[in-house]
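Asker: One structure follows; several queries about it will come next.
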Amino acid sequence: MPTITKSNIDYDKRNLSDKALLKLYYNMLKPRLIEEKMLILLRQGKISKWFSGIGQEAISVGVTMALKPSEYILPMHRNLGVFTTREIPLHRLFCQWQGKASGFTKGRDRSFHFGTQDYNIVGMISHLGPQLGVADGIALANLLKKNGQVTAVFTGEGGTSEGDFHEALNVASVWQLPVIFCIENNGYGLSTPTNEQYHCKHLADRGKGYGMDSFILDGNNIIETYSKVKKLAESIRKRPRPILIEFKTFRRRGHEEASGTKYVPQELMSEWEAKDPIENFRSYLFSKKILSAEIEDQYTSEIKAEIDAALDSAYAEENIIPNETIELNDVYKQFEYQDIKPNSNVKELRLIDAISEGLRQSMEKHKDLVIMGQDIAEYGGVFKITEGFVEQFGKDRVRNTPICESAIVEVGMGLSIAGMKSVVEMQFSDFVTSGFNPIVNYLAKSHYRWEQNADVVVRMPCGAGVAAGPFHSQTNEAWFTKTPGLKVVYPAFPYDAKGLLATAINDPNPVLFFEHKALYRSIRQDVPTDYFTLPFGQAALLTEGESVSIITYGAGVHWALEVLENNSDISADLIDLRTLQPLDKEAIINSVKKTGKAIILQEDSLFGGIASDISAMLMEECFEHLDAPVKRVASMETPIPFIGQLEDQYLAKGKFESALRDLLSY
Ligand SMILES: Cc1ncc(C[n+]2csc(CCOP(=O)(O)OP(=O)(O)O)c2C)c(N)n1
């Protein structure tokens, strides 16, 4: 006879059948047995790192069983029970942890840092908070599709201190998104106890501040977690809205196995050991004669056999053989560019009108395209690019957002996971810093990590020359050209802007689309009236000459044109890069091989800008063809000053002509 003690948790079986109760038990037992095995393997040095969810299984299992398999769940690093309850083959899970090809990230990311569309699970990135906003995006897609689906997302109590948490809950509430936010309050965030993490009684109390219902549940009571979440999910499916749940539980092992639990008082540990969700439920089931020794043996041996077999096959799988081509090819989702030629009807447009018209036509073409940004709806955006859009497309697709760049970028990611496109307008490109983390860590890395593309265009009104000071004038493309996984577009003319914006929106990868504010209303051009596309990675040769190659983009193109117009004796190739990632290396190299001299003009300050990389590339590729050192001309190494005379001094524009003359006479 197995030893059975009296349960320390009060269970109320409600209307659950014995079969349903046994299923709950089985689903908790499985992650527990896997973990026990992992701890042995860890001690044997056979796996590298382990984040334990021992003692927290009732939350993962309860929530997952309360949702339909078609509904998305976004788990954290202690939610093994989510993965096992969704019945992911253990072979694949073990391969993931061992970095084998049959895992979910082909050895590119570790532990639970992966998602899988096959099981509607979207795993975390290390930064914890961003997935809360991603859940908002998935929920927004569900709301717009009116499919009555709920999304559940997890965070630890530590993660609730991040801005992402506040932004995500606020957006979910303002937009009434069908999300269940699950806080697993397990007492410690790494070594930090709750009283050093937040200063309120219960985290659930925060629901009131966001205008959403919230609940406190005993996270160790599987019947309570399952039944309550199930009921809430049913209600949310009928009446979409966000809900906050704080599950009280405890982290029984170290933050990760190697770090230990010395800082945790023994009484606390003992108190929570006595509340073990599996032991107590087992006692309860035995006491009600629902679970028997035979069933228990059967479950245990069945799960152990499954674990052993999956481990054997995972170990047997050969190690990944590095292949640079494969790695590079997976950074971006494949995109078959479709060249849609413009018709012959043209109209003179300013840069700003061309962007507006391009965006409008893409909204007409892609019915699943949503645009989001501050003040973009009735107000039309601060530059009026989306004026009239609400009337044409409605507020579902033209969405004013609260001031929360991180959450909105994350929403874009979530929409993409749910198969929708989005354009996010930064009010000024300077403010992208507040959404920087999800762009460079989530959007940029997602396809490489688990083949999930981020079909998001971030519009970036940028640039100086408008006397707007350090926070409304930056041209910050270099922050993004540095990051593999992003595409960066920077048109200088209305025609290019319209065609490239159409391509950016068609492209399933994340694109940063820079729009120079000083060019918005000053540059005009005949632009085809119909929808058309232009390819990425093709620079434009604006003037052809023999003596020098001028390589630039954005406002620099117009500065260079002005200098060439005033100096008809200079015979130059003027290359407008148009897109910085991908970069048209061939056009640059071919031109420099012809002229023998290169000057790269960039509006950004010098150090670390793309001019430096182009210069280095020319040294490597064209050294024998160069008749002079490659010259970079950029703005001063200071923040961008406000007042006109300081801004003029700051900008590269004023230095370009003399630098060009110097180079020509070298
Ligand atoms: C932005 C960020 N800062 C710090 C960390 C390091 N870190 C990883 S997990 C963790 C504690 C998280 O605590 P909590 O959210 O309560 O989850 P728990 O580990 O307790 O389940 C910390 C500090 C991180 N991953 N990301």
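Letters A, B, ... mark the chains of the structure tokens in the order given; residue numbers begin at 1 per chain; ligand numbers begin at 1, in order shown.
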Residues contacting ligand 1 - anything with an atom at most 7 Å away, using only C-alpha atoms and all ligand atoms - can you give me those as a PyMOL selection string?

Answerer: chain A and resi 77-78+126-128+155-160+184-190+251+255

Asker: Find the residues near range 245-247 of chain A: any atom within 9 Å, counting only C-alpha atoms, skip ones fewer than 6 places away on the same chain, and give them as a list in words.

Answerer: Ile59, Glu157, Ile180, Phe181, Cys182, Ile183, Glu184, Asn185, Asn186, His202, Leu203, Ala204, Gly207, Asp213, Ser214, Phe215, Ile216, Leu217, Asp218, Gly219, Asn220, Thr225 and Val229 of chain A

Asker: Please determine, counting only C-alpha atoms, which residue among A:Lys333, A:Arg252, A:Lys288, A:Lys593 has the shortest atom-to-atom distance to Phe623 in chain A.

Answerer: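 Once distances to Phe623 in chain A are computed over only C-alpha atoms, the minimum belongs to A:Lys593.
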
Asker: Work out how far CA of Leu24 in chain A is from CA of Ile47 in chain A, in Å to one decimal.

Answerer: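 For CA of Ile47 in chain A relative to CA of Leu24 in chain A, the distance reads 28.4 Å.
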
Asker: Could you pull out the residues in range 370-524 of chain A that DSSP calls strand (DSSP E or B) from the backbone, as a list of chain:residue names?

Answerer: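 Listing strand (DSSP E or B) positions across range 370-524 of chain A yields A:Val370, A:Ile371, A:Met372, A:Gly373, A:Val398, A:Arg399, A:Asn400, A:Lys421, A:Ser422, A:Val423, A:Val424, A:Glu425, A:Val456, A:Val457, A:Val458, A:Arg459, A:Met460, A:Pro461, A:Cys462, A:Lys487, A:Val488, A:Val489, A:Val511, A:Leu512, A:Phe513, A:Phe514, A:Glu515, A:His516, A:Arg524.
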
Asker: Create the file for the chosen residues now, containing N, CA and C atoms and written as a tab-separated table (two decimals), in the first residue's frame.

Answerer:
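File written: result07.tsv
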chain	number	residue	atom	x	y	z
A	370	VAL	N	-3.32	46.18	-40.02
A	370	VAL	CA	-3.77	47.09	-38.96
A	370	VAL	C	-2.69	48.13	-38.77
A	371	ILE	N	-3.08	49.41	-38.63
A	371	ILE	CA	-2.05	50.39	-38.29
A	371	ILE	C	-2.32	50.96	-36.90
A	372	MET	N	-1.21	51.17	-36.19
A	372	MET	CA	-1.32	51.57	-34.78
A	372	MET	C	-0.33	52.69	-34.51
A	373	GLY	N	-0.74	53.62	-33.70
A	373	GLY	CA	0.18	54.69	-33.31
A	373	GLY	C	-0.53	55.73	-32.48
A	398	VAL	N	-7.47	51.23	-37.76
A	398	VAL	CA	-6.65	52.44	-37.58
A	398	VAL	C	-6.74	52.78	-36.10
A	399	ARG	N	-5.75	52.35	-35.35
A	399	ARG	CA	-5.88	52.32	-33.90
A	399	ARG	C	-5.01	53.36	-33.20
A	400	ASN	N	-5.68	54.27	-32.54
A	400	ASN	CA	-4.96	55.14	-31.60
A	400	ASN	C	-4.42	54.27	-30.48
A	421	LYS	N	-0.96	41.47	-40.53
A	421	LYS	CA	0.11	42.45	-40.77
A	421	LYS	C	-0.14	43.71	-39.94
A	422	SER	N	0.94	44.41	-39.61
A	422	SER	CA	0.73	45.70	-38.95
A	422	SER	C	1.79	46.71	-39.34
A	423	VAL	N	1.37	47.97	-39.26
A	423	VAL	CA	2.30	49.09	-39.39
A	423	VAL	C	2.19	49.87	-38.08
A	424	VAL	N	3.34	50.09	-37.46
A	424	VAL	CA	3.36	50.84	-36.20
A	424	VAL	C	3.99	52.19	-36.48
A	425	GLU	N	3.29	53.26	-36.15
A	425	GLU	CA	3.87	54.59	-36.36
A	425	GLU	C	4.52	55.06	-35.06
A	456	VAL	N	5.88	43.13	-39.39
A	456	VAL	CA	5.62	44.45	-38.80
A	456	VAL	C	6.49	45.49	-39.50
A	457	VAL	N	5.87	46.60	-39.88
A	457	VAL	CA	6.63	47.75	-40.38
A	457	VAL	C	6.56	48.83	-39.31
A	458	VAL	N	7.73	49.35	-38.94
A	458	VAL	CA	7.75	50.45	-37.97
A	458	VAL	C	8.10	51.72	-38.74
A	459	ARG	N	7.15	52.64	-38.79
A	459	ARG	CA	7.40	53.91	-39.51
A	459	ARG	C	8.14	54.87	-38.59
A	460	MET	N	9.18	55.51	-39.13
A	460	MET	CA	10.13	56.26	-38.31
A	460	MET	C	10.32	57.69	-38.83
A	461	PRO	N	9.44	58.61	-38.49
A	461	PRO	CA	9.67	60.01	-38.89
A	461	PRO	C	10.92	60.54	-38.18
A	462	CYS	N	11.92	60.89	-38.95
A	462	CYS	CA	13.24	61.12	-38.37
A	462	CYS	C	13.89	62.38	-38.92
A	487	LYS	N	15.06	44.74	-41.45
A	487	LYS	CA	15.34	45.40	-42.72
A	487	LYS	C	15.18	46.90	-42.48
A	488	VAL	N	16.01	47.68	-43.16
A	488	VAL	CA	15.99	49.12	-42.92
A	488	VAL	C	15.89	49.86	-44.25
A	489	VAL	N	14.83	50.64	-44.38
A	489	VAL	CA	14.54	51.35	-45.62
A	489	VAL	C	14.61	52.85	-45.33
A	511	VAL	N	10.43	45.55	-40.73
A	511	VAL	CA	11.07	46.61	-41.51
A	511	VAL	C	10.99	47.93	-40.75
A	512	LEU	N	12.13	48.59	-40.62
A	512	LEU	CA	12.16	49.95	-40.08
A	512	LEU	C	12.13	50.88	-41.27
A	513	PHE	N	11.11	51.72	-41.35
A	513	PHE	CA	10.91	52.56	-42.53
A	513	PHE	C	11.13	54.02	-42.13
A	514	PHE	N	12.28	54.55	-42.53
A	514	PHE	CA	12.64	55.92	-42.12
A	514	PHE	C	12.07	56.95	-43.09
A	515	GLU	N	11.47	57.98	-42.50
A	515	GLU	CA	10.86	59.06	-43.29
A	515	GLU	C	11.45	60.37	-42.77
A	516	HIS	N	12.16	61.06	-43.62
A	516	HIS	CA	12.83	62.28	-43.14
A	516	HIS	C	11.83	63.44	-43.07
A	524	ARG	N	9.17	67.27	-53.81
A	524	ARG	CA	8.02	66.92	-54.65
A	524	ARG	C	8.50	66.13	-55.86

Asker: Restricting the calculation to only C-alpha atoms: of A:Ile34, A:Ala628, A:Ile575, A:Ala354, which residue gets closest to Arg521 in chain A?

Answerer: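 For Arg521 in chain A, the nearest of the given residues is A:Ala354.
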
Asker: Give me the residues near Leu328 in chain A as number ranges by chain, where near means some atom within 10 Å (using only C-alpha atoms) and where sequence neighbours in that chain fewer than 4 positions away do not count.

Answerer: A: 323-324, 332, 448, 484-485

Asker: Give me a file of those residues, with N, CA, C and O atoms, as a CSV table (one decimal), in the first residue's frame.

Answerer:
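Listed below is the output, part.csv:
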chain,number,residue,atom,x,y,z
A,323,ASN,N,26.5,25.1,-40.3
A,323,ASN,CA,26.5,25.4,-41.7
A,323,ASN,C,26.1,26.9,-41.9
A,323,ASN,O,25.0,27.3,-41.6
A,324,GLU,N,27.1,27.7,-42.3
A,324,GLU,CA,26.9,29.1,-42.3
A,324,GLU,C,25.7,29.5,-43.2
A,324,GLU,O,24.9,30.4,-42.9
A,332,TYR,N,16.0,35.7,-42.0
A,332,TYR,CA,14.8,36.3,-42.5
A,332,TYR,C,13.9,35.2,-43.1
A,332,TYR,O,14.3,34.2,-43.6
A,448,TYR,N,14.8,33.6,-36.8
A,448,TYR,CA,16.0,32.8,-36.6
A,448,TYR,C,15.7,31.8,-35.5
A,448,TYR,O,16.1,30.7,-35.6
A,484,PRO,N,21.0,42.0,-36.9
A,484,PRO,CA,20.5,41.0,-37.9
A,484,PRO,C,19.0,40.7,-37.6
A,484,PRO,O,18.6,40.6,-36.5
A,485,GLY,N,18.3,40.6,-38.7
A,485,GLY,CA,16.9,40.2,-38.6
A,485,GLY,C,16.0,41.3,-38.9
A,485,GLY,O,14.8,41.1,-39.2

Asker: At a cut-off of 12 Å, using only C-alpha atoms, what residues contact Ala20 in chain A? Leave out same-chain residues fewer than 3 positions from it and give the result as a PyMOL selection string.

Answerer: chain A and resi 13-17+23-27+62+65-66+222-223+226-227+285+290-291

Asker: Could you pull out all residues of range 161-279 of chain A with a DSSP call of alpha helix (DSSP H) and give them as a PDB file with N, CA and C atoms, in the first residue's frame?

Answerer:
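See out_37.pdb below for the written result:
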ATOM      1  N   GLY A 163       8.201  47.518 -17.166  1.00  0.00           N
ATOM      2  CA  GLY A 163       7.263  48.407 -17.854  1.00  0.00           C
ATOM      3  C   GLY A 163       6.330  47.647 -18.780  1.00  0.00           C
ATOM      4  N   ASP A 164       6.845  46.589 -19.390  1.00  0.00           N
ATOM      5  CA  ASP A 164       6.015  45.810 -20.334  1.00  0.00           C
ATOM      6  C   ASP A 164       4.716  45.346 -19.677  1.00  0.00           C
ATOM      7  N   PHE A 165       4.806  44.966 -18.410  1.00  0.00           N
ATOM      8  CA  PHE A 165       3.621  44.483 -17.695  1.00  0.00           C
ATOM      9  C   PHE A 165       2.568  45.584 -17.640  1.00  0.00           C
ATOM     10  N   HIS A 166       2.994  46.758 -17.226  1.00  0.00           N
ATOM     11  CA  HIS A 166       2.037  47.857 -17.067  1.00  0.00           C
ATOM     12  C   HIS A 166       1.469  48.268 -18.418  1.00  0.00           C
ATOM     13  N   GLU A 167       2.331  48.354 -19.406  1.00  0.00           N
ATOM     14  CA  GLU A 167       1.866  48.744 -20.739  1.00  0.00           C
ATOM     15  C   GLU A 167       0.880  47.716 -21.286  1.00  0.00           C
ATOM     16  N   ALA A 168       1.222  46.445 -21.131  1.00  0.00           N
ATOM     17  CA  ALA A 168       0.374  45.394 -21.709  1.00  0.00           C
ATOM     18  C   ALA A 168      -0.995  45.356 -21.033  1.00  0.00           C
ATOM     19  N   LEU A 169      -1.029  45.497 -19.722  1.00  0.00           N
ATOM     20  CA  LEU A 169      -2.319  45.458 -19.029  1.00  0.00           C
ATOM     21  C   LEU A 169      -3.155  46.683 -19.378  1.00  0.00           C
ATOM     22  N   ASN A 170      -2.478  47.808 -19.486  1.00  0.00           N
ATOM     23  CA  ASN A 170      -3.224  49.021 -19.826  1.00  0.00           C
ATOM     24  C   ASN A 170      -3.824  48.926 -21.230  1.00  0.00           C
ATOM     25  N   VAL A 171      -3.016  48.491 -22.195  1.00  0.00           N
ATOM     26  CA  VAL A 171      -3.531  48.366 -23.570  1.00  0.00           C
ATOM     27  C   VAL A 171      -4.682  47.357 -23.605  1.00  0.00           C
ATOM     28  N   ALA A 172      -4.481  46.227 -22.938  1.00  0.00           N
ATOM     29  CA  ALA A 172      -5.528  45.192 -22.953  1.00  0.00           C
ATOM     30  C   ALA A 172      -6.834  45.736 -22.393  1.00  0.00           C
ATOM     31  N   SER A 173      -6.711  46.588 -21.405  1.00  0.00           N
ATOM     32  CA  SER A 173      -7.915  47.124 -20.795  1.00  0.00           C
ATOM     33  C   SER A 173      -8.556  48.188 -21.688  1.00  0.00           C
ATOM     34  N   VAL A 174      -7.726  49.089 -22.206  1.00  0.00           N
ATOM     35  CA  VAL A 174      -8.269  50.146 -23.069  1.00  0.00           C
ATOM     36  C   VAL A 174      -8.955  49.526 -24.292  1.00  0.00           C
ATOM     37  N   ARG A 206      -3.764  45.290  -8.397  1.00  0.00           N
ATOM     38  CA  ARG A 206      -3.458  46.210  -9.498  1.00  0.00           C
ATOM     39  C   ARG A 206      -4.524  46.191 -10.576  1.00  0.00           C
ATOM     40  N   GLY A 207      -5.270  45.106 -10.653  1.00  0.00           N
ATOM     41  CA  GLY A 207      -6.331  45.015 -11.667  1.00  0.00           C
ATOM     42  C   GLY A 207      -7.236  46.229 -11.623  1.00  0.00           C
ATOM     43  N   LYS A 208      -7.577  46.637 -10.439  1.00  0.00           N
ATOM     44  CA  LYS A 208      -8.485  47.784 -10.272  1.00  0.00           C
ATOM     45  C   LYS A 208      -7.920  49.029 -10.965  1.00  0.00           C
ATOM     46  N   GLY A 209      -6.617  49.231 -10.778  1.00  0.00           N
ATOM     47  CA  GLY A 209      -5.978  50.398 -11.379  1.00  0.00           C
ATOM     48  C   GLY A 209      -6.019  50.380 -12.898  1.00  0.00           C
ATOM     49  N   TYR A 210      -6.034  49.200 -13.456  1.00  0.00           N
ATOM     50  CA  TYR A 210      -6.100  49.095 -14.923  1.00  0.00           C
ATOM     51  C   TYR A 210      -7.535  48.980 -15.416  1.00  0.00           C
ATOM     52  N   ILE A 222      -5.163  22.426  -7.717  1.00  0.00           N
ATOM     53  CA  ILE A 222      -5.426  22.192  -9.139  1.00  0.00           C
ATOM     54  C   ILE A 222      -6.912  22.350  -9.488  1.00  0.00           C
ATOM     55  N   ILE A 223      -7.781  21.924  -8.587  1.00  0.00           N
ATOM     56  CA  ILE A 223      -9.209  22.045  -8.926  1.00  0.00           C
ATOM     57  C   ILE A 223      -9.605  23.518  -8.988  1.00  0.00           C
ATOM     58  N   GLU A 224      -9.084  24.274  -8.054  1.00  0.00           N
ATOM     59  CA  GLU A 224      -9.418  25.710  -8.044  1.00  0.00           C
ATOM     60  C   GLU A 224      -8.859  26.414  -9.284  1.00  0.00           C
ATOM     61  N   THR A 225      -7.597  26.156  -9.598  1.00  0.00           N
ATOM     62  CA  THR A 225      -7.013  26.848 -10.759  1.00  0.00           C
ATOM     63  C   THR A 225      -7.750  26.455 -12.030  1.00  0.00           C
ATOM     64  N   TYR A 226      -7.956  25.165 -12.215  1.00  0.00           N
ATOM     65  CA  TYR A 226      -8.600  24.694 -13.449  1.00  0.00           C
ATOM     66  C   TYR A 226     -10.036  25.219 -13.560  1.00  0.00           C
ATOM     67  N   SER A 227     -10.812  25.037 -12.501  1.00  0.00           N
ATOM     68  CA  SER A 227     -12.237  25.374 -12.584  1.00  0.00           C
ATOM     69  C   SER A 227     -12.444  26.870 -12.761  1.00  0.00           C
ATOM     70  N   LYS A 228     -11.699  27.654 -12.016  1.00  0.00           N
ATOM     71  CA  LYS A 228     -11.903  29.109 -12.092  1.00  0.00           C
ATOM     72  C   LYS A 228     -11.466  29.648 -13.451  1.00  0.00           C
ATOM     73  N   VAL A 229     -10.307  29.194 -13.931  1.00  0.00           N
ATOM     74  CA  VAL A 229      -9.824  29.696 -15.219  1.00  0.00           C
ATOM     75  C   VAL A 229     -10.775  29.245 -16.329  1.00  0.00           C
ATOM     76  N   LYS A 230     -11.293  28.032 -16.204  1.00  0.00           N
ATOM     77  CA  LYS A 230     -12.219  27.522 -17.225  1.00  0.00           C
ATOM     78  C   LYS A 230     -13.466  28.416 -17.283  1.00  0.00           C
ATOM     79  N   LYS A 231     -13.975  28.727 -16.111  1.00  0.00           N
ATOM     80  CA  LYS A 231     -15.178  29.562 -16.045  1.00  0.00           C
ATOM     81  C   LYS A 231     -14.897  30.963 -16.611  1.00  0.00           C
ATOM     82  N   LEU A 232     -13.763  31.504 -16.237  1.00  0.00           N
ATOM     83  CA  LEU A 232     -13.414  32.841 -16.738  1.00  0.00           C
ATOM     84  C   LEU A 232     -13.224  32.821 -18.252  1.00  0.00           C
ATOM     85  N   ALA A 233     -12.556  31.774 -18.742  1.00  0.00           N
ATOM     86  CA  ALA A 233     -12.324  31.675 -20.187  1.00  0.00           C
ATOM     87  C   ALA A 233     -13.659  31.611 -20.934  1.00  0.00           C
ATOM     88  N   GLU A 234     -14.593  30.843 -20.395  1.00  0.00           N
ATOM     89  CA  GLU A 234     -15.906  30.741 -21.049  1.00  0.00           C
ATOM     90  C   GLU A 234     -16.592  32.105 -21.091  1.00  0.00           C
ATOM     91  N   SER A 235     -16.460  32.835 -20.029  1.00  0.00           N
ATOM     92  CA  SER A 235     -17.090  34.150 -19.964  1.00  0.00           C
ATOM     93  C   SER A 235     -16.399  35.136 -20.928  1.00  0.00           C
ATOM     94  N   ILE A 236     -15.065  35.078 -20.973  1.00  0.00           N
ATOM     95  CA  ILE A 236     -14.329  36.005 -21.859  1.00  0.00           C
ATOM     96  C   ILE A 236     -14.625  35.705 -23.328  1.00  0.00           C
ATOM     97  N   ARG A 237     -14.804  34.422 -23.638  1.00  0.00           N
ATOM     98  CA  ARG A 237     -15.117  34.074 -25.034  1.00  0.00           C
ATOM     99  C   ARG A 237     -16.411  34.752 -25.474  1.00  0.00           C
ATOM    100  N   LYS A 238     -17.358  34.858 -24.535  1.00  0.00           N
ATOM    101  CA  LYS A 238     -18.642  35.490 -24.874  1.00  0.00           C
ATOM    102  C   LYS A 238     -18.550  37.010 -24.789  1.00  0.00           C
ATOM    103  N   GLN A 266      14.075  28.315   6.021  1.00  0.00           N
ATOM    104  CA  GLN A 266      13.664  26.911   6.004  1.00  0.00           C
ATOM    105  C   GLN A 266      12.172  26.743   6.333  1.00  0.00           C
ATOM    106  N   GLU A 267      11.649  27.606   7.263  1.00  0.00           N
ATOM    107  CA  GLU A 267      10.223  27.479   7.632  1.00  0.00           C
ATOM    108  C   GLU A 267       9.347  27.670   6.408  1.00  0.00           C
ATOM    109  N   LEU A 268       9.724  28.660   5.603  1.00  0.00           N
ATOM    110  CA  LEU A 268       8.927  28.931   4.395  1.00  0.00           C
ATOM    111  C   LEU A 268       8.944  27.717   3.471  1.00  0.00           C
ATOM    112  N   MET A 269      10.136  27.177   3.320  1.00  0.00           N
ATOM    113  CA  MET A 269      10.302  26.017   2.448  1.00  0.00           C
ATOM    114  C   MET A 269       9.429  24.867   2.958  1.00  0.00           C
ATOM    115  N   SER A 270       9.472  24.630   4.266  1.00  0.00           N
ATOM    116  CA  SER A 270       8.714  23.504   4.830  1.00  0.00           C
ATOM    117  C   SER A 270       7.211  23.741   4.692  1.00  0.00           C
ATOM    118  N   GLU A 271       6.830  24.997   4.942  1.00  0.00           N
ATOM    119  CA  GLU A 271       5.405  25.340   4.842  1.00  0.00           C
ATOM    120  C   GLU A 271       4.866  25.019   3.447  1.00  0.00           C
ATOM    121  N   TRP A 272       5.666  25.371   2.431  1.00  0.00           N
ATOM    122  CA  TRP A 272       5.180  25.167   1.062  1.00  0.00           C
ATOM    123  C   TRP A 272       5.360  23.727   0.595  1.00  0.00           C
ATOM    124  N   GLU A 273       6.357  23.059   1.148  1.00  0.00           N
ATOM    125  CA  GLU A 273       6.485  21.631   0.826  1.00  0.00           C
ATOM    126  C   GLU A 273       5.221  20.902   1.251  1.00  0.00           C
ATOM    127  N   PRO A 277       1.350  20.615  -4.636  1.00  0.00           N
ATOM    128  CA  PRO A 277       0.097  20.457  -5.394  1.00  0.00           C
ATOM    129  C   PRO A 277      -0.176  19.015  -5.824  1.00  0.00           C
ATOM    130  N   ILE A 278       0.876  18.235  -5.987  1.00  0.00           N
ATOM    131  CA  ILE A 278       0.669  16.868  -6.485  1.00  0.00           C
ATOM    132  C   ILE A 278       0.430  15.911  -5.317  1.00  0.00           C
ATOM    133  N   GLU A 279       1.288  16.016  -4.289  1.00  0.00           N
ATOM    134  CA  GLU A 279       1.136  15.138  -3.120  1.00  0.00           C
ATOM    135  C   GLU A 279      -0.250  15.281  -2.494  1.00  0.00           C
TER     136      GLU A 279
END

Asker: Can you tell me, as a PyMOL selection string, what residues are no more than 9 Å from Phe286 in chain A when counting only C-alpha atoms, ignoring any on the same chain fewer than 6 positions away?

Answerer: chain A and resi 4+292-293

Asker: Let me see the file: selected residues, all heavy atoms, as a PDB file, in the first residue's frame.

Answerer:
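So the final result, stored in selection.pdb, reads:
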ATOM      1  N   ILE A   4      -0.229   7.260   2.394  1.00  0.00           N
ATOM      2  CA  ILE A   4      -1.157   8.360   2.100  1.00  0.00           C
ATOM      3  C   ILE A   4      -1.301   9.196   3.373  1.00  0.00           C
ATOM      4  O   ILE A   4      -1.673   8.676   4.420  1.00  0.00           O
ATOM      5  CB  ILE A   4      -2.574   7.844   1.724  1.00  0.00           C
ATOM      6  CG1 ILE A   4      -2.512   6.661   0.763  1.00  0.00           C
ATOM      7  CG2 ILE A   4      -3.433   8.985   1.192  1.00  0.00           C
ATOM      8  CD1 ILE A   4      -2.035   6.981  -0.602  1.00  0.00           C
ATOM      9  N   SER A 292      -6.076   4.800  -7.297  1.00  0.00           N
ATOM     10  CA  SER A 292      -5.683   3.578  -6.593  1.00  0.00           C
ATOM     11  C   SER A 292      -4.198   3.344  -6.819  1.00  0.00           C
ATOM     12  O   SER A 292      -3.594   3.970  -7.703  1.00  0.00           O
ATOM     13  CB  SER A 292      -6.465   2.386  -7.161  1.00  0.00           C
ATOM     14  OG  SER A 292      -6.117   2.235  -8.528  1.00  0.00           O
ATOM     15  N   ALA A 293      -3.640   2.439  -6.051  1.00  0.00           N
ATOM     16  CA  ALA A 293      -2.220   2.115  -6.219  1.00  0.00           C
ATOM     17  C   ALA A 293      -1.955   1.594  -7.632  1.00  0.00           C
ATOM     18  O   ALA A 293      -0.933   1.907  -8.238  1.00  0.00           O
ATOM     19  CB  ALA A 293      -1.808   1.072  -5.191  1.00  0.00           C
TER      20      ALA A 293
END

Asker: Near Gln452 in chain A, counting only C-alpha atoms, which residues have an atom at most 8 Å away, once you skip same-chain residues fewer than 5 positions from it, shown as JSON, numbers by chain?

Answerer: {"A": [417, 446, 447]}

Asker: Hey, what's within 12 Å of Gly388 in chain A if we count only C-alpha atoms and toss same-chain stuff fewer than 5 positions away? As a ChimeraX atom specification, please?

Answerer: /A:356-357,359-360,376-381,393-395,398

Asker: Deliver the residues from the most recent selection as a file, using C-alpha atoms, as a tab-separated table (two decimals), in the first residue's frame.

Answerer:
chain	number	residue	atom	x	y	z
A	356	SER	CA	0.14	58.61	-47.06
A	357	GLU	CA	-1.10	57.41	-50.45
A	359	LEU	CA	-0.13	53.45	-46.86
A	360	ARG	CA	-3.73	53.96	-47.89
A	376	ILE	CA	-3.19	58.44	-35.77
A	377	ALA	CA	-6.97	57.93	-35.89
A	378	GLU	CA	-9.32	60.94	-35.95
A	379	TYR	CA	-6.42	63.34	-35.46
A	380	GLY	CA	-4.61	61.86	-38.46
A	381	GLY	CA	-1.19	61.61	-36.76
A	393	PHE	CA	-11.02	51.85	-42.80
A	394	GLY	CA	-12.67	52.23	-39.40
A	395	LYS	CA	-11.20	52.34	-35.93
A	398	VAL	CA	-6.65	52.44	-37.58

Asker: At what distance in Å, to one decimal, does CA of Ala587 in chain A lie from CA of Ala652 in chain A?

Answerer: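 Rounded to one decimal, the two atoms are 23.3 Å apart.
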
Asker: Considering only C-alpha atoms, can you say which of A:Ser259, A:Asn147, A:Ser313, A:Gln538 comes closest to Ser102 in chain A?

Answerer: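 Closest to Ser102 in chain A of all the choices is A:Ser313.
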
Asker: Using only C-alpha atoms, pick whichever of A:Ser547, A:Ser605, A:Ser522, A:Thr64 has the shortest atom-to-atom distance to Leu351 in chain A.

Answerer: A:Ser522

Asker: Name the closest residue to Ala274 in chain A among the candidates A:Leu42, A:Ile9, A:Leu132, A:Val592; distances are taken between atoms, counting only C-alpha atoms.

Answerer: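 Selected residue with least distance to Ala274 in chain A: A:Ile9.
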
Asker: With distances taken over only C-alpha atoms, which residue among A:Ser568, A:Asn319, A:Gln581, A:Gln338 lies nearest Lys100 in chain A?

Answerer: A:Asn319

Asker: CA of Thr386 in chain A and CA of Ile352 in chain A, how far apart in Å?

Answerer: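 Distance between the two atoms: 10.2 Å.
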